[in-house]
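One file, input-v9.pdb, carrying PDB, C-alpha atoms:
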ATOM      1  CA  MET A 302      17.398  -4.560  14.009  1.00  0.00           C
ATOM      2  CA  ASP A 303      20.838  -4.653  15.579  1.00  0.00           C
ATOM      3  CA  ALA A 304      20.862  -4.906  19.379  1.00  0.00           C
ATOM      4  CA  ASN A 305      24.571  -3.977  19.508  1.00  0.00           C
ATOM      5  CA  ALA A 306      23.984  -0.710  17.652  1.00  0.00           C
ATOM      6  CA  VAL A 307      20.963   0.084  19.840  1.00  0.00           C
ATOM      7  CA  ALA A 308      23.012  -0.536  22.984  1.00  0.00           C
ATOM      8  CA  GLU A 309      25.901   1.587  21.673  1.00  0.00           C
ATOM      9  CA  LEU A 310      23.582   4.506  20.902  1.00  0.00           C
ATOM     10  CA  GLU A 311      21.733   4.227  24.217  1.00  0.00           C
ATOM     11  CA  LYS A 312      25.056   4.193  26.076  1.00  0.00           C
ATOM     12  CA  ALA A 313      25.887   7.482  24.319  1.00  0.00           C
ATOM     13  CA  GLY A 314      22.546   8.917  25.482  1.00  0.00           C
ATOM     14  CA  VAL A 315      20.766   8.824  22.116  1.00  0.00           C
ATOM     15  CA  LYS A 316      17.016   8.236  22.221  1.00  0.00           C
ATOM     16  CA  VAL A 317      16.585   5.327  19.810  1.00  0.00           C
ATOM     17  CA  ASP A 318      12.783   5.411  20.007  1.00  0.00           C
ATOM     18  CA  GLN A 319      12.734   8.504  17.757  1.00  0.00           C
ATOM     19  CA  PRO A 320      14.682   7.673  14.580  1.00  0.00           C
ATOM     20  CA  ASP A 321      13.110  10.639  12.804  1.00  0.00           C
ATOM     21  CA  ARG A 322      15.154  12.912  15.090  1.00  0.00           C
ATOM     22  CA  LEU A 323      18.438  11.412  13.899  1.00  0.00           C
ATOM     23  CA  TYR A 324      20.555  11.711  10.793  1.00  0.00           C
ATOM     24  CA  VAL A 325      23.992  10.705   9.570  1.00  0.00           C
ATOM     25  CA  ALA A 326      26.261  13.733   9.899  1.00  0.00           C
ATOM     26  CA  VAL A 327      29.032  14.590   7.453  1.00  0.00           C
ATOM     27  CA  GLU A 328      32.592  13.938   8.538  1.00  0.00           C
ATOM     28  CA  TRP A 329      35.558  15.817   7.107  1.00  0.00           C
ATOM     29  CA  GLU A 330      39.200  14.945   6.629  1.00  0.00           C
ATOM     30  CA  ASP A 331      41.313  17.978   7.514  1.00  0.00           C
ATOM     31  CA  GLY A 332      38.220  20.135   7.131  1.00  0.00           C
ATOM     32  CA  LYS A 333      38.537  19.914   3.349  1.00  0.00           C
ATOM     33  CA  ARG A 334      37.430  16.544   2.017  1.00  0.00           C
ATOM     34  CA  VAL A 335      34.235  14.672   2.875  1.00  0.00           C
ATOM     35  CA  LEU A 336      34.949  11.254   4.324  1.00  0.00           C
ATOM     36  CA  PRO A 337      32.673   8.531   2.953  1.00  0.00           C
ATOM     37  CA  VAL A 338      30.707   6.637   5.573  1.00  0.00           C
ATOM     38  CA  GLY A 339      32.293   3.359   6.550  1.00  0.00           C
ATOM     39  CA  GLU A 340      31.553   0.821   9.251  1.00  0.00           C
ATOM     40  CA  ARG A 341      31.493   3.561  11.907  1.00  0.00           C
ATOM     41  CA  VAL A 342      28.839   6.196  11.329  1.00  0.00           C
ATOM     42  CA  GLN A 343      28.628   9.663  12.868  1.00  0.00           C
ATOM     43  CA  VAL A 344      25.094  10.210  14.104  1.00  0.00           C
ATOM     44  CA  ARG A 345      23.557  13.558  14.999  1.00  0.00           C
ATOM     45  CA  ALA A 346      20.756  13.614  17.556  1.00  0.00           C
ATOM     46  CA  GLY A 347      19.867  17.267  18.060  1.00  0.00           C
ATOM     47  CA  GLU A 348      23.113  18.936  19.117  1.00  0.00           C
ATOM     48  CA  GLN A 349      24.687  15.639  20.154  1.00  0.00           C
ATOM     49  CA  LEU A 350      27.178  13.812  17.918  1.00  0.00           C
ATOM     50  CA  THR A 351      28.206  10.221  18.473  1.00  0.00           C
ATOM     51  CA  HIS A 352      29.623   7.325  16.485  1.00  0.00           C
ATOM     52  CA  VAL A 353      28.064   3.899  16.114  1.00  0.00           C
ATOM     53  CA  THR A 354      29.169   0.732  14.354  1.00  0.00           C
ATOM     54  CA  LEU A 355      26.595  -0.416  11.807  1.00  0.00           C
ATOM     55  CA  GLN A 356      26.282  -3.582   9.759  1.00  0.00           C
ATOM     56  CA  PRO A 357      25.787  -3.619   5.968  1.00  0.00           C
ATOM     57  CA  ILE A 358      22.213  -3.261   4.719  1.00  0.00           C
ATOM     58  CA  SER A 359      21.970  -6.861   3.522  1.00  0.00           C
ATOM     59  CA  LYS A 360      22.750  -8.123   7.033  1.00  0.00           C
ATOM     60  CA  LEU A 361      20.031  -5.955   8.577  1.00  0.00           C
ATOM     61  CA  TRP A 362      17.024  -7.268   6.648  1.00  0.00           C
ATOM     62  CA  THR A 363      14.612  -8.843   9.101  1.00  0.00           C
ATOM     63  CA  GLY A 364      11.685 -11.103   8.278  1.00  0.00           C
ATOM     64  CA  ASP A 365       9.633 -11.179   5.120  1.00  0.00           C
ATOM     65  CA  LYS A 366       6.990  -8.507   5.784  1.00  0.00           C
ATOM     66  CA  GLN A 367       5.457  -7.130   2.605  1.00  0.00           C
ATOM     67  CA  PRO A 368       4.976  -3.360   2.532  1.00  0.00           C
ATOM     68  CA  PRO A 369       1.624  -1.804   1.697  1.00  0.00           C
ATOM     69  CA  SER A 370       1.233   0.162  -1.516  1.00  0.00           C
ATOM     70  CA  PHE A 371       3.054   3.472  -1.570  1.00  0.00           C
ATOM     71  CA  ALA A 372       1.156   4.520  -4.727  1.00  0.00           C
ATOM     72  CA  LYS A 373      -0.613   7.478  -3.108  1.00  0.00           C
ATOM     73  CA  ALA A 374       1.596   8.139  -0.085  1.00  0.00           C
ATOM     74  CA  PRO A 375       3.625   6.058   2.334  1.00  0.00           C
ATOM     75  CA  PRO A 376       1.683   5.090   5.468  1.00  0.00           C
ATOM     76  CA  PRO A 377       2.646   7.020   8.627  1.00  0.00           C
ATOM     77  CA  GLU A 378       4.587   4.099  10.109  1.00  0.00           C
ATOM     78  CA  TYR A 379       7.129   4.479   7.276  1.00  0.00           C
ATOM     79  CA  HIS A 380       7.574   8.249   7.661  1.00  0.00           C
ATOM     80  CA  PRO A 381      10.505   7.978  10.132  1.00  0.00           C
ATOM     81  CA  PHE A 382      12.413   5.804   7.627  1.00  0.00           C
ATOM     82  CA  PHE A 383      11.882   8.355   4.850  1.00  0.00           C
ATOM     83  CA  PHE A 384      12.653  11.253   7.159  1.00  0.00           C
ATOM     84  CA  LEU A 385      15.956   9.797   8.365  1.00  0.00           C
ATOM     85  CA  ILE A 386      17.174   9.230   4.800  1.00  0.00           C
ATOM     86  CA  GLU A 387      15.972  12.607   3.555  1.00  0.00           C
ATOM     87  CA  ALA A 388      17.309  14.455   6.620  1.00  0.00           C
ATOM     88  CA  THR A 389      20.689  12.870   5.953  1.00  0.00           C
ATOM     89  CA  ALA A 390      20.530  13.944   2.284  1.00  0.00           C
ATOM     90  CA  ALA A 391      19.551  17.495   3.277  1.00  0.00           C
ATOM     91  CA  GLY A 392      22.261  17.660   5.951  1.00  0.00           C
ATOM     92  CA  TYR A 393      24.852  16.439   3.465  1.00  0.00           C
ATOM     93  CA  CYS A 394      23.915  19.059   0.857  1.00  0.00           C
ATOM     94  CA  ARG A 395      23.970  21.787   3.492  1.00  0.00           C
ATOM     95  CA  ALA A 396      27.330  20.674   4.925  1.00  0.00           C
ATOM     96  CA  VAL A 397      29.112  20.474   1.569  1.00  0.00           C
ATOM     97  CA  ARG A 398      27.324  23.587   0.269  1.00  0.00           C
ATOM     98  CA  ASN A 399      26.287  21.787  -2.887  1.00  0.00           C
ATOM     99  CA  THR A 400      22.793  20.935  -3.994  1.00  0.00           C
ATOM    100  CA  GLU A 401      22.742  17.700  -5.955  1.00  0.00           C
ATOM    101  CA  THR A 402      20.547  17.663  -9.047  1.00  0.00           C
ATOM    102  CA  ASP A 403      17.309  15.736  -9.314  1.00  0.00           C
ATOM    103  CA  GLN A 404      19.022  13.503 -11.865  1.00  0.00           C
ATOM    104  CA  GLU A 405      21.839  12.698  -9.420  1.00  0.00           C
ATOM    105  CA  PHE A 406      19.424  11.928  -6.578  1.00  0.00           C
ATOM    106  CA  GLU A 407      17.479   9.671  -8.925  1.00  0.00           C
ATOM    107  CA  ARG A 408      20.701   7.888  -9.919  1.00  0.00           C
ATOM    108  CA  LEU A 409      21.860   7.480  -6.311  1.00  0.00           C
ATOM    109  CA  TYR A 410      18.527   6.070  -5.138  1.00  0.00           C
ATOM    110  CA  ARG A 411      18.417   3.678  -8.114  1.00  0.00           C
ATOM    111  CA  HIS A 412      21.962   2.552  -7.281  1.00  0.00           C
ATOM    112  CA  LEU A 413      21.013   2.081  -3.610  1.00  0.00           C
ATOM    113  CA  LEU A 414      18.090  -0.077  -4.710  1.00  0.00           C
ATOM    114  CA  ARG A 415      20.204  -2.214  -7.040  1.00  0.00           C
ATOM    115  CA  ARG A 416      23.364  -2.439  -4.961  1.00  0.00           C
ATOM    116  CA  PRO A 417      22.513  -1.639  -1.340  1.00  0.00           C
ATOM    117  CA  ASP A 418      25.979  -2.627  -0.087  1.00  0.00           C
ATOM    118  CA  GLY A 419      27.820  -1.184  -3.104  1.00  0.00           C
ATOM    119  CA  THR A 420      29.992   1.885  -3.491  1.00  0.00           C
ATOM    120  CA  ASP A 421      29.783   5.011  -5.628  1.00  0.00           C
ATOM    121  CA  ARG A 422      32.067   7.867  -6.640  1.00  0.00           C
ATOM    122  CA  ASN A 423      29.695  10.353  -5.003  1.00  0.00           C
ATOM    123  CA  PRO A 424      30.208  10.339  -1.206  1.00  0.00           C
ATOM    124  CA  LEU A 425      26.513  11.175  -0.749  1.00  0.00           C
ATOM    125  CA  PHE A 426      25.759   7.562  -1.682  1.00  0.00           C
ATOM    126  CA  SER A 427      27.567   6.305   1.428  1.00  0.00           C
ATOM    127  CA  TYR A 428      25.554   8.754   3.551  1.00  0.00           C
ATOM    128  CA  LEU A 429      22.266   7.512   2.079  1.00  0.00           C
ATOM    129  CA  GLN A 430      23.429   3.967   2.843  1.00  0.00           C
ATOM    130  CA  GLY A 431      24.426   5.036   6.338  1.00  0.00           C
ATOM    131  CA  ALA A 432      20.978   6.512   6.948  1.00  0.00           C
ATOM    132  CA  ALA A 433      19.280   3.297   5.803  1.00  0.00           C
ATOM    133  CA  ARG A 434      21.687   1.243   7.940  1.00  0.00           C
ATOM    134  CA  LEU A 435      20.987   3.422  10.965  1.00  0.00           C
ATOM    135  CA  TYR A 436      17.219   3.116  10.638  1.00  0.00           C
ATOM    136  CA  MET A 437      17.410  -0.618   9.979  1.00  0.00           C
ATOM    137  CA  SER A 438      19.584  -1.004  13.083  1.00  0.00           C
ATOM    138  CA  LEU A 439      16.793   0.526  15.164  1.00  0.00           C
ATOM    139  CA  ARG A 440      13.741  -1.123  13.570  1.00  0.00           C
ATOM    140  CA  ASP A 441      12.916  -4.430  11.925  1.00  0.00           C
ATOM    141  CA  VAL A 442      12.803  -3.891   8.153  1.00  0.00           C
ATOM    142  CA  SER A 443      12.360  -6.624   5.559  1.00  0.00           C
ATOM    143  CA  GLN A 444      14.130  -6.548   2.218  1.00  0.00           C
ATOM    144  CA  ALA A 445      10.786  -5.849   0.519  1.00  0.00           C
ATOM    145  CA  GLU A 446      10.137  -2.868   2.812  1.00  0.00           C
ATOM    146  CA  PHE A 447      13.627  -1.469   2.215  1.00  0.00           C
ATOM    147  CA  GLU A 448      13.176  -1.805  -1.537  1.00  0.00           C
ATOM    148  CA  ALA A 449       9.740  -0.161  -1.443  1.00  0.00           C
ATOM    149  CA  VAL A 450      11.064   2.831   0.510  1.00  0.00           C
ATOM    150  CA  VAL A 451      14.076   3.329  -1.755  1.00  0.00           C
ATOM    151  CA  GLU A 452      11.971   2.865  -4.895  1.00  0.00           C
ATOM    152  CA  ARG A 453       9.593   5.553  -3.629  1.00  0.00           C
ATOM    153  CA  LEU A 454      12.545   7.914  -3.012  1.00  0.00           C
ATOM    154  CA  HIS A 455      13.800   7.171  -6.539  1.00  0.00           C
ATOM    155  CA  GLN A 456      10.356   7.943  -7.973  1.00  0.00           C
ATOM    156  CA  SER A 457      10.147  11.173  -5.981  1.00  0.00           C
ATOM    157  CA  ALA A 458      13.469  12.432  -7.335  1.00  0.00           C
ATOM    158  CA  ARG A 459      12.427  11.450 -10.870  1.00  0.00           C
ATOM    159  CA  HIS A 460       9.010  13.110 -10.428  1.00  0.00           C
ATOM    160  CA  HIS A 461      10.598  16.419  -9.410  1.00  0.00           C
ATOM    161  CA  GLN A 462      13.049  16.490 -12.329  1.00  0.00           C
ATOM    162  CA  THR A 463      11.942  19.034 -14.948  1.00  0.00           C
ATOM    163  CA  HIS A 464      15.172  19.482 -16.915  1.00  0.00           C
ATOM    164  CA  VAL A 465      18.861  18.624 -16.814  1.00  0.00           C
ATOM    165  CA  GLY A 466      20.328  20.409 -13.820  1.00  0.00           C
ATOM    166  CA  SER A 467      17.025  20.932 -12.003  1.00  0.00           C
ATOM    167  CA  ILE A 468      17.168  20.878  -8.206  1.00  0.00           C
ATOM    168  CA  ASN A 469      13.442  20.675  -7.519  1.00  0.00           C
ATOM    169  CA  TYR A 470      13.699  17.556  -5.319  1.00  0.00           C
ATOM    170  CA  PHE A 471      16.017  19.453  -3.012  1.00  0.00           C
ATOM    171  CA  GLN A 472      13.948  22.650  -3.102  1.00  0.00           C
ATOM    172  CA  ASP A 473      10.532  21.027  -2.815  1.00  0.00           C
ATOM    173  CA  VAL A 474      11.306  18.085  -0.507  1.00  0.00           C
ATOM    174  CA  LEU A 475      14.650  18.361   1.240  1.00  0.00           C
ATOM    175  CA  ARG A 476      14.811  22.086   1.980  1.00  0.00           C
ATOM    176  CA  GLY A 477      12.142  21.806   4.671  1.00  0.00           C
ATOM    177  CA  VAL A 478      13.844  18.830   6.315  1.00  0.00           C
ATOM    178  CA  LEU A 479      16.396  20.348   8.750  1.00  0.00           C
ATOM    179  CA  GLY A 480      15.861  23.765   7.197  1.00  0.00           C
ATOM    180  CA  ALA A 481      18.505  22.978   4.577  1.00  0.00           C
TER     181      ALA A 481
END
Could you render the structure as structure tokens?
Amino acid sequence: MDANAVAELEKAGVKVDQPDRLYVAVEWEDGKRVLPVGERVQVRAGEQLTHVTLQPISKLWTGDKQPPSFAKAPPPEYHPFFFLIEATAAGYCRAVRNTETDQEFERLYRHLLRRPDGTDRNPLFSYLQGAARLYMSLRDVSQAEFEAVVERLHQSARHHQTHVGSINYFQDVLRGVLGA
């Protein structure tokens, strides 16, 4: 958790007690090129847009709590974490008018798991990072919990992949989140 980020969001009027109502919104340069997420992140809370400064993922890990098994389904207390990341992914695809393939989502989640503070050629990666950073700024999340959530997202994208170019993860999972 990051008290500075919480204070910054509260000052802007964002309700930080409902992270599942937030997502990282796409920013454009000259209305043409997607800007990757940097230290400052544009957050959408309903119709409200605000910016917040967020720390890297590795600086936000708190404690050593071990997550429960996600084998059947993530427990309800983890749903807001999943929702914030998936709402950001859905919002990104809608904003850029491009549906990423299941294979690309799988690759991005795997990369996020292996290099949480890394970079990628696909700007969506920085938005997935931004979503994780935002959630972890609002709630205490251990490294093990972060890894379990991202691994489950990776498995979900892989599970939905039926062929090269399939977009089932988007259609089956993300489309309902934000009505993307």
Hey, what's within 10 Å of stretch 454-458 of chain A if we count only C-alpha atoms and toss same-chain stuff fewer than 6 positions away? As a CSV table (one decimal) with C-alpha atoms, in the frame of the given file, please?
chain,number,residue,atom,x,y,z
A,383,PHE,CA,11.9,8.4,4.8
A,386,ILE,CA,17.2,9.2,4.8
A,387,GLU,CA,16.0,12.6,3.6
A,402,THR,CA,20.5,17.7,-9.0
A,403,ASP,CA,17.3,15.7,-9.3
A,404,GLN,CA,19.0,13.5,-11.9
A,405,GLU,CA,21.8,12.7,-9.4
A,406,PHE,CA,19.4,11.9,-6.6
A,407,GLU,CA,17.5,9.7,-8.9
A,408,ARG,CA,20.7,7.9,-9.9
A,409,LEU,CA,21.9,7.5,-6.3
A,410,TYR,CA,18.5,6.1,-5.1
A,411,ARG,CA,18.4,3.7,-8.1
A,412,HIS,CA,22.0,2.6,-7.3
A,413,LEU,CA,21.0,2.1,-3.6
A,414,LEU,CA,18.1,-0.1,-4.7
A,448,GLU,CA,13.2,-1.8,-1.5
A,468,ILE,CA,17.2,20.9,-8.2
A,469,ASN,CA,13.4,20.7,-7.5
A,470,TYR,CA,13.7,17.6,-5.3
A,471,PHE,CA,16.0,19.5,-3.0
A,474,VAL,CA,11.3,18.1,-0.5
With the file shown as input, list the residues that the PyMOL selection byres ((chain A and resi 353) around 12) selects, as number ranges by chain. A: 303-315, 325-326, 338-345, 350-352, 354-356, 431-432, 434-435, 438-439
Restricting it to C-alpha atoms, dump the selection as a CSV table (one decimal), keeping the file's coordinate frame.
chain,number,residue,atom,x,y,z
A,303,ASP,CA,20.8,-4.7,15.6
A,304,ALA,CA,20.9,-4.9,19.4
A,305,ASN,CA,24.6,-4.0,19.5
A,306,ALA,CA,24.0,-0.7,17.7
A,307,VAL,CA,21.0,0.1,19.8
A,308,ALA,CA,23.0,-0.5,23.0
A,309,GLU,CA,25.9,1.6,21.7
A,310,LEU,CA,23.6,4.5,20.9
A,311,GLU,CA,21.7,4.2,24.2
A,312,LYS,CA,25.1,4.2,26.1
A,313,ALA,CA,25.9,7.5,24.3
A,314,GLY,CA,22.5,8.9,25.5
A,315,VAL,CA,20.8,8.8,22.1
A,325,VAL,CA,24.0,10.7,9.6
A,326,ALA,CA,26.3,13.7,9.9
A,338,VAL,CA,30.7,6.6,5.6
A,339,GLY,CA,32.3,3.4,6.6
A,340,GLU,CA,31.6,0.8,9.3
A,341,ARG,CA,31.5,3.6,11.9
A,342,VAL,CA,28.8,6.2,11.3
A,343,GLN,CA,28.6,9.7,12.9
A,344,VAL,CA,25.1,10.2,14.1
A,345,ARG,CA,23.6,13.6,15.0
A,350,LEU,CA,27.2,13.8,17.9
A,351,THR,CA,28.2,10.2,18.5
A,352,HIS,CA,29.6,7.3,16.5
A,354,THR,CA,29.2,0.7,14.4
A,355,LEU,CA,26.6,-0.4,11.8
A,356,GLN,CA,26.3,-3.6,9.8
A,431,GLY,CA,24.4,5.0,6.3
A,432,ALA,CA,21.0,6.5,6.9
A,434,ARG,CA,21.7,1.2,7.9
A,435,LEU,CA,21.0,3.4,11.0
A,438,SER,CA,19.6,-1.0,13.1
A,439,LEU,CA,16.8,0.5,15.2
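Reported to one decimal place, the separation of atom CA of A:Pro320 from atom CA of A:Tyr436 is 6.5 Å.
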Expansion of the PyMOL selection byres ((chain A and resi 397) around 12) into residues, as a VMD selection string: chain A and resid 326 to 329 332 to 336 390 to 396 398 to 401 424 to 425 481
Centre and edge lengths, as AutoDock Vina command-line options, for the axis-aligned box enclosing every listed atom of stretch 440-445 of chain A with 5 Å of padding on each of the six sides, in Å to one decimal?
--center_x 12.5 --center_y -3.9 --center_z 7.0 --size_x 13.3 --size_y 15.5 --size_z 23.1
Using all atoms listed in the file, which of A:Tyr324, A:Ile358, A:Gln349, A:Lys316 sits nearest A:Ser443? A:Ile358
Grab the atom CA of A:Pro375 to atom CA of A:Pro417 distance for me, in Å with one decimal place. 20.7 Å
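Of the residues listed (A:His461, A:Ala449, A:Ser359, A:Gln430), A:Ala449 shows the shortest atom-to-atom separation from A:Tyr379; distances use only C-alpha atoms.
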So how far away is atom CA of A:Lys366 from atom CA of A:Glu446, in Å? 7.1 Å
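In terms of minimum interatomic distance to A:Phe382, A:Val451 ranks closest within A:Val465, A:Val451, A:Ala346, A:Leu361, counting only C-alpha atoms.
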Top pick for closest residue to A:Leu323, considering A:Val450, A:Ala388, A:Val442, A:Leu429 and counting all atoms listed in the file: A:Ala388
Identify the residues within 7 Å of coordinate (5.4, -8.0, -2.3) (same frame as the file), considering all atoms listed in the file, and give the answer as a PDB file with C-alpha atoms, in the frame of the given file.
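Result file follows (selection-v2.pdb):
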ATOM      1  CA  GLN A 367       5.457  -7.130   2.605  1.00  0.00           C
ATOM      2  CA  PRO A 368       4.976  -3.360   2.532  1.00  0.00           C
ATOM      3  CA  ALA A 445      10.786  -5.849   0.519  1.00  0.00           C
TER       4      ALA A 445
END
